[in-house]
Structures are given as C-alpha cells and as structure tokens.
>>> print(open('target_21.cif').read())   # mmCIF, C-alpha atoms
data_coords
loop_
_atom_site.group_PDB
_atom_site.id
_atom_site.type_symbol
_atom_site.label_atom_id
_atom_site.label_comp_id
_atom_site.auth_asym_id
_atom_site.auth_seq_id
_atom_site.Cartn_x
_atom_site.Cartn_y
_atom_site.Cartn_z
ATOM 1 C CA MET A 1 -11.037 5.534 0.726
ATOM 2 C CA SER A 2 -9.429 7.833 3.300
ATOM 3 C CA ASP A 3 -6.939 10.605 2.548
ATOM 4 C CA TYR A 4 -4.323 8.738 4.564
ATOM 5 C CA GLN A 5 -4.710 5.703 2.366
ATOM 6 C CA VAL A 6 -4.562 7.809 -0.800
ATOM 7 C CA ASN A 7 -1.389 9.567 0.372
ATOM 8 C CA ASP A 8 0.351 6.395 1.525
ATOM 9 C CA LYS A 9 3.434 5.461 -0.449
ATOM 10 C CA PRO A 10 3.088 2.139 -2.274
ATOM 11 C CA LEU A 11 5.260 -0.809 -1.384
ATOM 12 C CA MET A 12 8.344 -0.707 -3.585
ATOM 13 C CA ILE A 13 10.677 -3.680 -3.958
ATOM 14 C CA ALA A 14 13.549 -3.649 -6.441
ATOM 15 C CA SER A 15 12.145 -0.554 -8.214
ATOM 16 C CA LYS A 16 8.695 -2.122 -8.735
ATOM 17 C CA THR A 17 5.620 -0.874 -6.898
ATOM 18 C CA TYR A 18 2.791 -2.929 -5.418
ATOM 19 C CA THR A 19 -0.601 -1.984 -4.050
ATOM 20 C CA SER A 20 -0.875 -5.104 -1.872
ATOM 21 C CA ARG A 21 1.369 -5.462 1.164
ATOM 22 C CA LEU A 22 0.489 -9.117 1.649
ATOM 23 C CA LEU A 23 2.867 -11.683 0.152
ATOM 24 C CA VAL A 24 1.788 -15.318 0.124
ATOM 25 C CA GLY A 25 3.277 -18.751 -0.383
ATOM 26 C CA THR A 26 2.080 -21.717 -2.370
ATOM 27 C CA GLY A 27 2.831 -24.712 -0.150
ATOM 28 C CA LYS A 28 0.579 -26.945 1.990
ATOM 29 C CA TYR A 29 -2.643 -26.504 -0.006
ATOM 30 C CA LYS A 30 -4.630 -29.609 -0.885
ATOM 31 C CA ASP A 31 -4.320 -28.952 -4.624
ATOM 32 C CA LEU A 32 -3.524 -26.301 -7.212
ATOM 33 C CA ALA A 33 -7.165 -25.217 -7.444
ATOM 34 C CA GLU A 34 -7.255 -24.303 -3.760
ATOM 35 C CA THR A 35 -3.882 -22.607 -4.101
ATOM 36 C CA HIS A 36 -5.220 -20.435 -6.899
ATOM 37 C CA LEU A 37 -8.450 -19.512 -5.080
ATOM 38 C CA ALA A 38 -6.648 -18.595 -1.873
ATOM 39 C CA ILE A 39 -4.119 -16.408 -3.656
ATOM 40 C CA VAL A 40 -6.866 -14.592 -5.541
ATOM 41 C CA ALA A 41 -8.783 -14.066 -2.285
ATOM 42 C CA SER A 42 -5.678 -12.678 -0.572
ATOM 43 C CA GLY A 43 -5.218 -9.943 -3.148
ATOM 44 C CA ALA A 44 -1.478 -10.625 -3.096
ATOM 45 C CA GLN A 45 0.640 -9.563 -6.053
ATOM 46 C CA ILE A 46 3.863 -11.282 -4.972
ATOM 47 C CA VAL A 47 3.705 -15.060 -4.678
ATOM 48 C CA THR A 48 6.649 -17.004 -3.305
ATOM 49 C CA VAL A 49 7.530 -20.457 -4.602
ATOM 50 C CA ALA A 50 9.827 -23.033 -3.009
ATOM 51 C CA ILE A 51 11.939 -24.104 -5.970
ATOM 52 C CA ARG A 52 13.054 -27.342 -4.325
ATOM 53 C CA ARG A 53 9.486 -28.399 -3.503
ATOM 54 C CA THR A 54 7.303 -26.948 -6.253
ATOM 55 C CA ASN A 55 7.213 -27.743 -9.947
ATOM 56 C CA ILE A 56 7.463 -24.650 -12.151
ATOM 57 C CA GLY A 57 8.809 -26.515 -15.135
ATOM 58 C CA GLN A 58 11.501 -28.760 -13.689
ATOM 59 C CA ASP A 59 9.319 -31.823 -14.355
ATOM 60 C CA PRO A 60 7.174 -31.560 -17.516
ATOM 61 C CA LYS A 61 5.234 -34.667 -16.469
ATOM 62 C CA GLN A 62 3.868 -33.051 -13.283
ATOM 63 C CA PRO A 63 1.297 -30.230 -12.826
ATOM 64 C CA ASN A 64 2.980 -26.866 -13.205
ATOM 65 C CA LEU A 65 2.130 -24.190 -10.630
ATOM 66 C CA LEU A 66 2.603 -21.478 -13.249
ATOM 67 C CA GLU A 67 -0.467 -22.801 -15.055
ATOM 68 C CA VAL A 68 -2.646 -21.379 -12.261
ATOM 69 C CA ILE A 69 -0.358 -18.591 -11.000
ATOM 70 C CA SER A 70 0.717 -16.782 -14.138
ATOM 71 C CA PRO A 71 3.939 -14.729 -14.124
ATOM 72 C CA ASN A 72 2.056 -12.285 -16.348
ATOM 73 C CA LYS A 73 -0.257 -11.480 -13.430
ATOM 74 C CA TYR A 74 1.905 -12.084 -10.356
ATOM 75 C CA THR A 75 5.480 -11.423 -9.392
ATOM 76 C CA ILE A 76 6.853 -14.902 -8.800
ATOM 77 C CA LEU A 77 9.301 -14.878 -5.903
ATOM 78 C CA PRO A 78 11.463 -18.013 -5.971
ATOM 79 C CA ASN A 79 12.696 -19.007 -2.512
ATOM 80 C CA THR A 80 15.375 -21.316 -1.208
ATOM 81 C CA ALA A 81 13.249 -23.116 1.399
ATOM 82 C CA GLY A 82 14.821 -26.401 2.386
ATOM 83 C CA CYS A 83 18.388 -25.229 1.820
ATOM 84 C CA TYR A 84 20.860 -25.770 4.670
ATOM 85 C CA SER A 85 24.010 -24.370 3.095
ATOM 86 C CA ALA A 86 25.078 -21.368 1.070
ATOM 87 C CA VAL A 87 26.041 -23.648 -1.806
ATOM 88 C CA GLU A 88 22.548 -25.178 -1.966
ATOM 89 C CA ALA A 89 20.869 -21.775 -1.762
ATOM 90 C CA VAL A 90 22.971 -20.226 -4.509
ATOM 91 C CA ARG A 91 22.444 -23.233 -6.775
ATOM 92 C CA THR A 92 18.684 -23.039 -6.211
ATOM 93 C CA CYS A 93 18.557 -19.347 -7.107
ATOM 94 C CA ARG A 94 20.502 -19.988 -10.272
ATOM 95 C CA LEU A 95 18.057 -22.745 -11.228
ATOM 96 C CA ALA A 96 15.120 -20.395 -10.585
ATOM 97 C CA ARG A 97 16.687 -17.784 -12.852
ATOM 98 C CA GLU A 98 16.925 -20.342 -15.649
ATOM 99 C CA LEU A 99 13.374 -21.606 -15.172
ATOM 100 C CA LEU A 100 11.947 -18.061 -15.082
ATOM 101 C CA ASN A 101 13.778 -16.629 -18.079
ATOM 102 C CA GLY A 102 16.369 -14.546 -16.299
ATOM 103 C CA HIS A 103 14.251 -13.545 -13.295
ATOM 104 C CA THR A 104 16.542 -12.077 -10.612
ATOM 105 C CA LEU A 105 14.257 -11.306 -7.642
ATOM 106 C CA VAL A 106 14.644 -14.095 -5.061
ATOM 107 C CA LYS A 107 13.878 -14.796 -1.437
ATOM 108 C CA LEU A 108 16.970 -16.156 0.272
ATOM 109 C CA GLU A 109 16.717 -18.393 3.304
ATOM 110 C CA VAL A 110 19.410 -20.719 4.595
ATOM 111 C CA LEU A 111 18.208 -22.822 7.520
ATOM 112 C CA GLY A 112 20.268 -23.849 10.534
ATOM 113 C CA ASP A 113 18.490 -26.987 11.730
ATOM 114 C CA ASP A 114 15.381 -29.116 11.183
ATOM 115 C CA LYS A 115 13.726 -28.490 14.558
ATOM 116 C CA THR A 116 13.602 -24.702 14.809
ATOM 117 C CA LEU A 117 14.099 -23.775 11.134
ATOM 118 C CA PHE A 118 15.932 -20.719 12.392
ATOM 119 C CA PRO A 119 18.225 -19.121 9.811
ATOM 120 C CA ASP A 120 21.919 -19.933 9.674
ATOM 121 C CA ILE A 121 23.088 -16.330 9.591
ATOM 122 C CA VAL A 122 26.701 -17.038 8.647
ATOM 123 C CA ALA A 123 25.622 -19.154 5.667
ATOM 124 C CA THR A 124 22.944 -16.616 4.731
ATOM 125 C CA LEU A 125 25.520 -13.824 4.657
ATOM 126 C CA GLU A 126 27.771 -15.943 2.453
ATOM 127 C CA ALA A 127 24.963 -16.766 0.013
ATOM 128 C CA ALA A 128 23.686 -13.193 -0.091
ATOM 129 C CA GLN A 129 27.139 -11.873 -0.959
ATOM 130 C CA ILE A 130 27.495 -14.303 -3.865
ATOM 131 C CA LEU A 131 23.987 -13.705 -5.201
ATOM 132 C CA ILE A 132 24.221 -9.920 -5.053
ATOM 133 C CA LYS A 133 27.557 -10.061 -6.883
ATOM 134 C CA GLU A 134 25.855 -12.144 -9.594
ATOM 135 C CA GLY A 135 23.113 -9.570 -10.070
ATOM 136 C CA PHE A 136 20.310 -11.122 -8.044
ATOM 137 C CA GLU A 137 17.885 -8.873 -6.166
ATOM 138 C CA VAL A 138 17.821 -10.527 -2.769
ATOM 139 C CA MET A 139 15.001 -10.428 -0.242
ATOM 140 C CA VAL A 140 16.555 -12.065 2.800
ATOM 141 C CA TYR A 141 14.987 -14.121 5.599
ATOM 142 C CA THR A 142 16.760 -13.505 8.885
ATOM 143 C CA ASN A 143 16.242 -13.478 12.638
ATOM 144 C CA ASP A 144 14.907 -10.474 14.541
ATOM 145 C CA ASP A 145 18.356 -9.060 15.310
ATOM 146 C CA PRO A 146 18.548 -5.350 14.381
ATOM 147 C CA ILE A 147 22.320 -5.542 13.865
ATOM 148 C CA MET A 148 22.079 -8.342 11.309
ATOM 149 C CA ALA A 149 19.110 -6.717 9.607
ATOM 150 C CA LYS A 150 21.185 -3.590 9.061
ATOM 151 C CA ARG A 151 24.123 -5.671 7.840
ATOM 152 C CA PHE A 152 21.982 -7.308 5.163
ATOM 153 C CA GLU A 153 20.683 -3.900 4.067
ATOM 154 C CA GLU A 154 24.166 -2.438 3.843
ATOM 155 C CA MET A 155 25.460 -5.327 1.720
ATOM 156 C CA GLY A 156 22.742 -4.659 -0.858
ATOM 157 C CA CYS A 157 19.670 -6.772 -0.084
ATOM 158 C CA VAL A 158 16.548 -5.144 -1.549
ATOM 159 C CA ALA A 159 14.354 -6.162 1.419
ATOM 160 C CA VAL A 160 14.943 -7.620 4.869
ATOM 161 C CA MET A 161 12.493 -10.185 6.245
ATOM 162 C CA PRO A 162 12.860 -10.835 9.974
ATOM 163 C CA LEU A 163 10.948 -13.723 11.496
ATOM 164 C CA ALA A 164 8.115 -13.019 13.907
ATOM 165 C CA ALA A 165 8.388 -16.540 15.341
ATOM 166 C CA PRO A 166 9.585 -19.942 14.055
ATOM 167 C CA ILE A 167 8.351 -20.912 10.581
ATOM 168 C CA GLY A 168 4.887 -22.454 10.693
ATOM 169 C CA SER A 169 4.524 -21.984 14.468
ATOM 170 C CA GLY A 170 1.624 -19.530 14.378
ATOM 171 C CA LEU A 171 2.950 -17.892 17.557
ATOM 172 C CA GLY A 172 2.667 -14.334 16.276
ATOM 173 C CA ILE A 173 5.208 -11.592 16.879
ATOM 174 C CA ARG A 174 7.299 -12.719 19.849
ATOM 175 C CA ASN A 175 9.650 -9.743 19.939
ATOM 176 C CA PRO A 176 7.848 -6.631 18.694
ATOM 177 C CA LEU A 177 10.433 -4.221 20.101
ATOM 178 C CA ASN A 178 13.205 -5.779 18.026
ATOM 179 C CA ILE A 179 11.017 -5.636 14.931
ATOM 180 C CA LEU A 180 10.296 -1.970 15.696
ATOM 181 C CA THR A 181 14.009 -1.221 16.054
ATOM 182 C CA ILE A 182 14.693 -2.889 12.704
ATOM 183 C CA ILE A 183 11.974 -0.779 11.047
ATOM 184 C CA GLU A 184 13.183 2.475 12.588
ATOM 185 C CA ASN A 185 16.719 1.987 11.281
ATOM 186 C CA ALA A 186 15.906 0.653 7.821
ATOM 187 C CA ARG A 187 16.078 2.279 4.410
ATOM 188 C CA VAL A 188 14.801 -0.790 2.577
ATOM 189 C CA PRO A 189 11.418 -2.507 2.987
ATOM 190 C CA ILE A 190 11.008 -4.593 6.140
ATOM 191 C CA LEU A 191 8.562 -7.465 5.836
ATOM 192 C CA VAL A 192 7.706 -9.845 8.652
ATOM 193 C CA ASP A 193 8.245 -13.406 7.488
ATOM 194 C CA ALA A 194 7.291 -16.552 9.457
ATOM 195 C CA GLY A 195 5.263 -17.067 12.599
ATOM 196 C CA VAL A 196 1.990 -15.334 11.725
ATOM 197 C CA GLY A 197 -0.981 -17.425 12.869
ATOM 198 C CA THR A 198 -4.076 -15.321 12.402
ATOM 199 C CA ALA A 199 -5.330 -11.956 11.197
ATOM 200 C CA SER A 200 -4.529 -10.080 14.417
ATOM 201 C CA ASP A 201 -0.850 -11.098 14.092
ATOM 202 C CA ALA A 202 -0.735 -9.584 10.612
ATOM 203 C CA ALA A 203 -2.421 -6.405 11.836
ATOM 204 C CA ILE A 204 0.084 -6.038 14.671
ATOM 205 C CA ALA A 205 2.992 -6.357 12.242
ATOM 206 C CA MET A 206 1.529 -3.600 10.090
ATOM 207 C CA GLU A 207 0.731 -1.402 13.105
ATOM 208 C CA LEU A 208 4.408 -1.572 14.058
ATOM 209 C CA GLY A 209 5.212 -0.045 10.670
ATOM 210 C CA CYS A 210 6.259 -3.085 8.668
ATOM 211 C CA ASP A 211 6.110 -2.564 4.927
ATOM 212 C CA GLY A 212 4.441 -5.914 4.430
ATOM 213 C CA VAL A 213 3.963 -9.458 5.681
ATOM 214 C CA LEU A 214 4.756 -12.768 4.005
ATOM 215 C CA MET A 215 2.821 -15.861 5.087
ATOM 216 C CA ASN A 216 1.946 -19.350 3.941
ATOM 217 C CA THR A 217 1.000 -21.769 6.734
ATOM 218 C CA ALA A 218 -1.400 -19.336 8.415
ATOM 219 C CA ILE A 219 -3.563 -19.403 5.296
ATOM 220 C CA ALA A 220 -2.896 -22.803 3.753
ATOM 221 C CA SER A 221 -3.282 -24.762 7.011
ATOM 222 C CA ALA A 222 -6.367 -22.902 8.255
ATOM 223 C CA LYS A 223 -9.623 -24.865 8.419
ATOM 224 C CA HIS A 224 -10.945 -22.668 5.619
ATOM 225 C CA PRO A 225 -7.926 -21.336 3.676
ATOM 226 C CA ILE A 226 -9.834 -19.111 1.263
ATOM 227 C CA LEU A 227 -11.743 -17.434 4.081
ATOM 228 C CA MET A 228 -8.493 -16.945 6.014
ATOM 229 C CA ALA A 229 -6.907 -15.404 2.926
ATOM 230 C CA GLN A 230 -9.713 -12.844 2.837
ATOM 231 C CA ALA A 231 -9.234 -12.142 6.550
ATOM 232 C CA MET A 232 -5.503 -11.620 6.094
ATOM 233 C CA LYS A 233 -6.079 -9.174 3.260
ATOM 234 C CA LYS A 234 -8.345 -7.083 5.493
ATOM 235 C CA ALA A 235 -5.953 -7.316 8.452
ATOM 236 C CA ILE A 236 -3.032 -6.037 6.397
ATOM 237 C CA GLU A 237 -5.096 -3.104 5.154
ATOM 238 C CA ALA A 238 -6.491 -2.275 8.616
ATOM 239 C CA GLY A 239 -3.085 -2.526 10.256
ATOM 240 C CA ARG A 240 -1.524 -0.218 7.692
ATOM 241 C CA GLU A 241 -4.302 2.356 8.129
ATOM 242 C CA ALA A 242 -3.927 2.195 11.922
ATOM 243 C CA PHE A 243 -0.182 2.781 11.581
ATOM 244 C CA LEU A 244 -0.758 5.799 9.366
ATOM 245 C CA ALA A 245 -3.483 7.153 11.653
ATOM 246 C CA GLY A 246 -1.250 6.948 14.746
ATOM 247 C CA ARG A 247 -2.468 5.138 17.842
ATOM 248 C CA ILE A 248 -3.113 6.929 21.141
ATOM 249 C CA PRO A 249 -0.352 6.640 23.746
ATOM 250 C CA ARG A 250 -0.684 3.967 26.398
ATOM 251 C CA LYS A 251 -1.493 5.342 29.847
ATOM 252 C CA ARG A 252 -1.426 3.755 33.266
ATOM 253 C CA TYR A 253 -4.663 5.344 34.438
ATOM 254 C CA ALA A 254 -8.031 6.166 32.922
ATOM 255 C CA SER A 255 -8.630 9.165 30.703
ATOM 256 C CA ALA A 256 -12.251 10.243 30.289
ATOM 257 C CA SER A 257 -13.619 9.974 26.768
ATOM 258 C CA SER A 258 -15.712 13.081 27.452
ATOM 259 C CA PRO A 259 -13.528 15.879 28.949
ATOM 260 C CA LEU A 260 -14.758 17.640 32.077
ATOM 261 C CA ASP A 261 -13.763 21.094 30.800
ATOM 262 C CA GLY A 262 -16.667 23.278 29.746
ATOM 263 C CA LEU A 263 -19.429 21.359 31.572
ATOM 264 C CA PHE A 264 -22.782 23.169 31.620
ATOM 265 C CA PHE A 265 -23.673 21.983 35.155
#
>>> encode(input="target_21.cif", output="structure tokens")
Amino acid sequence: MSDYQVNDKPLMIASKTYTSRLLVGTGKYKDLAETHLAIVASGAQIVTVAIRRTNIGQDPKQPNLLEVISPNKYTILPNTAGCYSAVEAVRTCRLARELLNGHTLVKLEVLGDDKTLFPDIVATLEAAQILIKEGFEVMVYTNDDPIMAKRFEEMGCVAVMPLAAPIGSGLGIRNPLNILTIIENARVPILVDAGVGTASDAAIAMELGCDGVLMNTAIASAKHPILMAQAMKKAIEAGREAFLAGRIPRKRYASASSPLDGLFF
C-alpha cells in the first residue's frame, strides 16, 4: 500500500466513514444470490435500495433483500427511484424510515419523464427541503449543473450526486468539465451517479476528484456481473490513486522520456 493511499482521507457521509468509494445498487440481477455475490465482489459498504421496487419487509410473503444484504454489515441507502413528484418521494422516504427502524440516510431522486429519466430539479428541491426539515440526511441525485449542485449543498444535503449520463445508458461521463467544476466548489462529498458503463468510466470519475461513484446497471446488466463488480472495485481504487498522484499536464507536442541534458556523447 502506497503512502498516498495511507494518507488519503476516508469517504465521510453524514459523519460516518467508509473505506470503499464504490456504492452499488440492487436492481436488475437475476436473483438475490447473484445480487449478494456481486455486492461482496464489489467491496461496497453502501448499498442502495429502491423502496418502491424492492422488498425489504413491505411484503412478508416475498423474499426479503435484507436476508442477503444485512444492515449489520452494510449501510442500506433507501432511494426514491420511480418517483415523479415531491409528494411521492417524501412519502417513500418516510416509509423507508419506518421499515429500517428510524434510518434517516436516503438517496433522493425525483424524475422528470420516462424517456430520459433526467431529474425534475424543481420537485427535487421541494422534496429535499421537506426531508431535511424532518431530519433526513439527504444524498441528492441531480443534473451536472454546478449552480444547482451548490444550491443543494447550501440547503443541507449531505452529498450531491450529479449524473454522468442518463440512468442506465452506459455512456460514461459526458460533461467532465461540469463535474470538475462541481467538485472544485463543493464542501460535501460529490459522487457520480448514473451513466457509468464500464471500469474506465469509473476510473475517469475518480481521476477527476469525485469522492465516489454509485452504479447499478453497469454491474447488474453486464454479461458477467460478479466479474464486472470486481473490475469496478479495482477501477475505483486505481482512479483514486491516480487522482492523488497527480497526472502529467497535457502537451501539444512530444516531450522526450529521456532528457537530452547531461548526455555522455
């Protein structure tokens, strides 16, 4: 382990520290066994759960995700996926708090339409304000607009999660300069959420200086999800180390690897 890695500050969200900077979802796997194996392979410590689509106790007759992803081992991050209004999102977070014995850390997303799944920022702001007032610790999904990212931070969100590309698209980071601007002006963790397709996308996000990356489809819909989970774990670690090491500046022309100064002939 390098000195840079040893001296790196851990990821801290809502006063809790984590050694893994990879956050993963639980949807789209073929069964709970594959879900469990992929999450273990990823090394993730925060696992997000779509309350409206996943059973964590709402239906006692159905398999319960918490039987394979224990809250004693993982931080369960309830999310409001599938919500298209502030009212729906707030209600979903309240339900999650009841199901998880007072758990207050949530991932808020309020979608604008079915085709793009882009966030409805006005509705997201409304929901975030209500949830924060009620004592929730809100990690918020938003677009890659630096102004809105700062607004969510200032209103009290514990982490801001700008999209890299549309949810499930696998397009990678479409606007790295906006993501960089968000990072440079933030005092809360910035985690890329949505759009990652493969390990190099995750590495790029970390090389930009993101505090972490959240993904689901990139792993769950891969041909070999468990192998992809392993690849993503390594990409997150490599990208973080590259960020800490500091890349060389880009140059228009060549620069000799072996300097000409001091030649013996």
>>> resolve_selection(input="target_21.cif", expression="the PyMOL selection byres ((chain A and resi 186) around 12)", output="JSON, numbers by chain")
{"A": [146, 147, 148, 149, 150, 151, 152, 153, 154, 157, 158, 159, 160, 161, 179, 180, 181, 182, 183, 184, 185, 187, 188, 189, 190, 191, 209, 210, 211]}
>>> resolve_selection(input="target_21.cif", expression="the PyMOL selection byres ((chain A and resi 175-177) around 12)", output="MDAnalysis selection string")
chainID A and resid 143:146 162:166 171:174 178:184 192 195 201 204:210
>>> residues_around(input="target_21.cif", residues="Arg97 (chain A)", least_positions_apart="4", cutoff="12 Å", atoms="all atoms listed in the file", output="PyMOL selection string")
chain A and resi 51+56-57+76-79+90-93+101-106+131+134-137
>>> atom_distance(input="target_21.cif", atom1="CA of Pro119 (chain A)", atom2="CA of Gly197 (chain A)")
19.5 Å
>>> closest_residue(input="target_21.cif", among="A:Met139, A:Leu117, A:Ala220, A:Ala238", to="Leu37 (chain A)", atoms="only C-alpha atoms")
A:Ala220
>>> residues_around(input="target_21.cif", residues="Leu66 (chain A)", least_positions_apart="3", cutoff="12 Å", atoms="only C-alpha atoms", output="compact mmCIF listing (two decimals) with C-alpha atoms, keeping the file's coordinate frame")
# COMPACT_ATOMS: atom_id res chain seq x y z
CA THR A 26 2.08 -21.72 -2.37
CA LEU A 32 -3.52 -26.30 -7.21
CA ALA A 33 -7.16 -25.22 -7.44
CA THR A 35 -3.88 -22.61 -4.10
CA HIS A 36 -5.22 -20.43 -6.90
CA VAL A 47 3.70 -15.06 -4.68
CA THR A 48 6.65 -17.00 -3.30
CA VAL A 49 7.53 -20.46 -4.60
CA THR A 54 7.30 -26.95 -6.25
CA ASN A 55 7.21 -27.74 -9.95
CA ILE A 56 7.46 -24.65 -12.15
CA GLY A 57 8.81 -26.52 -15.14
CA GLN A 58 11.50 -28.76 -13.69
CA PRO A 60 7.17 -31.56 -17.52
CA GLN A 62 3.87 -33.05 -13.28
CA PRO A 63 1.30 -30.23 -12.83
CA ILE A 69 -0.36 -18.59 -11.00
CA SER A 70 0.72 -16.78 -14.14
CA PRO A 71 3.94 -14.73 -14.12
CA ASN A 72 2.06 -12.28 -16.35
CA LYS A 73 -0.26 -11.48 -13.43
CA TYR A 74 1.90 -12.08 -10.36
CA THR A 75 5.48 -11.42 -9.39
CA ILE A 76 6.85 -14.90 -8.80
CA LEU A 77 9.30 -14.88 -5.90
CA PRO A 78 11.46 -18.01 -5.97
CA LEU A 99 13.37 -21.61 -15.17
CA LEU A 100 11.95 -18.06 -15.08
>>> atom_distance(input="target_21.cif", atom1="CA of Ala199 (chain A)", atom2="CA of Tyr18 (chain A)")
20.6 Å
>>> resolve_selection(input="target_21.cif", expression="the PyMOL selection byres ((chain A and resi 24) around 9)", output="VMD selection string")
chain A and resid 22 to 23 25 to 26 39 42 44 to 48 213 to 216 219
>>> write_last_selection(input="target_21.cif", atoms="C-alpha atoms", output="PDB file, in the frame of the given file")
ATOM      1  CA  LEU A  22       0.489  -9.117   1.649  1.00  0.00           C
ATOM      2  CA  LEU A  23       2.867 -11.683   0.152  1.00  0.00           C
ATOM      3  CA  GLY A  25       3.277 -18.751  -0.383  1.00  0.00           C
ATOM      4  CA  THR A  26       2.080 -21.717  -2.370  1.00  0.00           C
ATOM      5  CA  ILE A  39      -4.119 -16.408  -3.656  1.00  0.00           C
ATOM      6  CA  SER A  42      -5.678 -12.678  -0.572  1.00  0.00           C
ATOM      7  CA  ALA A  44      -1.478 -10.625  -3.096  1.00  0.00           C
ATOM      8  CA  GLN A  45       0.640  -9.563  -6.053  1.00  0.00           C
ATOM      9  CA  ILE A  46       3.863 -11.282  -4.972  1.00  0.00           C
ATOM     10  CA  VAL A  47       3.705 -15.060  -4.678  1.00  0.00           C
ATOM     11  CA  THR A  48       6.649 -17.004  -3.305  1.00  0.00           C
ATOM     12  CA  VAL A 213       3.963  -9.458   5.681  1.00  0.00           C
ATOM     13  CA  LEU A 214       4.756 -12.768   4.005  1.00  0.00           C
ATOM     14  CA  MET A 215       2.821 -15.861   5.087  1.00  0.00           C
ATOM     15  CA  ASN A 216       1.946 -19.350   3.941  1.00  0.00           C
ATOM     16  CA  ILE A 219      -3.563 -19.403   5.296  1.00  0.00           C
TER      17      ILE A 219
END
>>> closest_residue(input="target_21.cif", among="A:Val196, A:Tyr253, A:Ile248, A:Val138", to="Thr217 (chain A)", atoms="only C-alpha atoms")
A:Val196
>>> closest_residue(input="target_21.cif", among="A:Val140, A:Val40, A:Ala242, A:Leu125", to="Ala203 (chain A)", atoms="only C-alpha atoms")
A:Ala242
>>> closest_residue(input="target_21.cif", among="A:Ala202, A:Ala218, A:Val122, A:Met12", to="Tyr29 (chain A)", atoms="only C-alpha atoms")
A:Ala218
>>> atom_distance(input="target_21.cif", atom1="CA of Leu11 (chain A)", atom2="CA of Arg240 (chain A)")
11.3 Å
>>> closest_residue(input="target_21.cif", among="A:Ala38, A:Ala89, A:Cys83, A:Ala96", to="Val68 (chain A)", atoms="all atoms listed in the file")
A:Ala38
>>> residues_around(input="target_21.cif", residues="Pro10 (chain A)", least_positions_apart="2", cutoff="9 Å", atoms="all atoms listed in the file", output="MDAnalysis selection string")
chainID A and resid 8 12 17:21
>>> closest_residue(input="target_21.cif", among="A:Lys107, A:Lys115, A:Lys61, A:Lys234", to="Ala81 (chain A)", atoms="all atoms listed in the file")
A:Lys107
>>> residues_around(input="target_21.cif", residues="Thr124 (chain A)", least_positions_apart="6", cutoff="7 Å", atoms="all atoms listed in the file", output="PyMOL selection string")
chain A and resi 86+109-110
>>> decode(input="target_21.cif", residues="region 227-238 of chain A", atoms="N, CA and C atoms", output="compact mmCIF listing (two decimals), in the first residue's frame")
# COMPACT_ATOMS: atom_id res chain seq x y z
N LEU A 227 -17.87 -10.60 -12.14
CA LEU A 227 -16.57 -10.20 -12.67
C LEU A 227 -16.53 -8.68 -12.88
N MET A 228 -17.62 -8.10 -13.37
CA MET A 228 -17.66 -6.65 -13.55
C MET A 228 -17.58 -5.94 -12.21
N ALA A 229 -18.20 -6.50 -11.19
CA ALA A 229 -18.12 -5.89 -9.86
C ALA A 229 -16.67 -5.83 -9.38
N GLN A 230 -15.93 -6.90 -9.62
CA GLN A 230 -14.51 -6.91 -9.26
C GLN A 230 -13.74 -5.84 -10.04
N ALA A 231 -14.06 -5.71 -11.34
CA ALA A 231 -13.38 -4.72 -12.17
C ALA A 231 -13.67 -3.30 -11.69
N MET A 232 -14.92 -3.06 -11.30
CA MET A 232 -15.28 -1.73 -10.82
C MET A 232 -14.58 -1.39 -9.51
N LYS A 233 -14.44 -2.36 -8.66
CA LYS A 233 -13.71 -2.14 -7.40
C LYS A 233 -12.29 -1.68 -7.68
N LYS A 234 -11.62 -2.37 -8.62
CA LYS A 234 -10.24 -2.03 -8.96
C LYS A 234 -10.17 -0.67 -9.64
N ALA A 235 -11.15 -0.37 -10.49
CA ALA A 235 -11.14 0.91 -11.21
C ALA A 235 -11.29 2.08 -10.26
N ILE A 236 -12.16 1.93 -9.27
CA ILE A 236 -12.35 2.99 -8.28
C ILE A 236 -11.06 3.24 -7.52
N GLU A 237 -10.40 2.16 -7.12
CA GLU A 237 -9.15 2.29 -6.36
C GLU A 237 -8.05 2.89 -7.22
N ALA A 238 -7.92 2.43 -8.48
CA ALA A 238 -6.88 2.96 -9.37
C ALA A 238 -7.13 4.42 -9.69
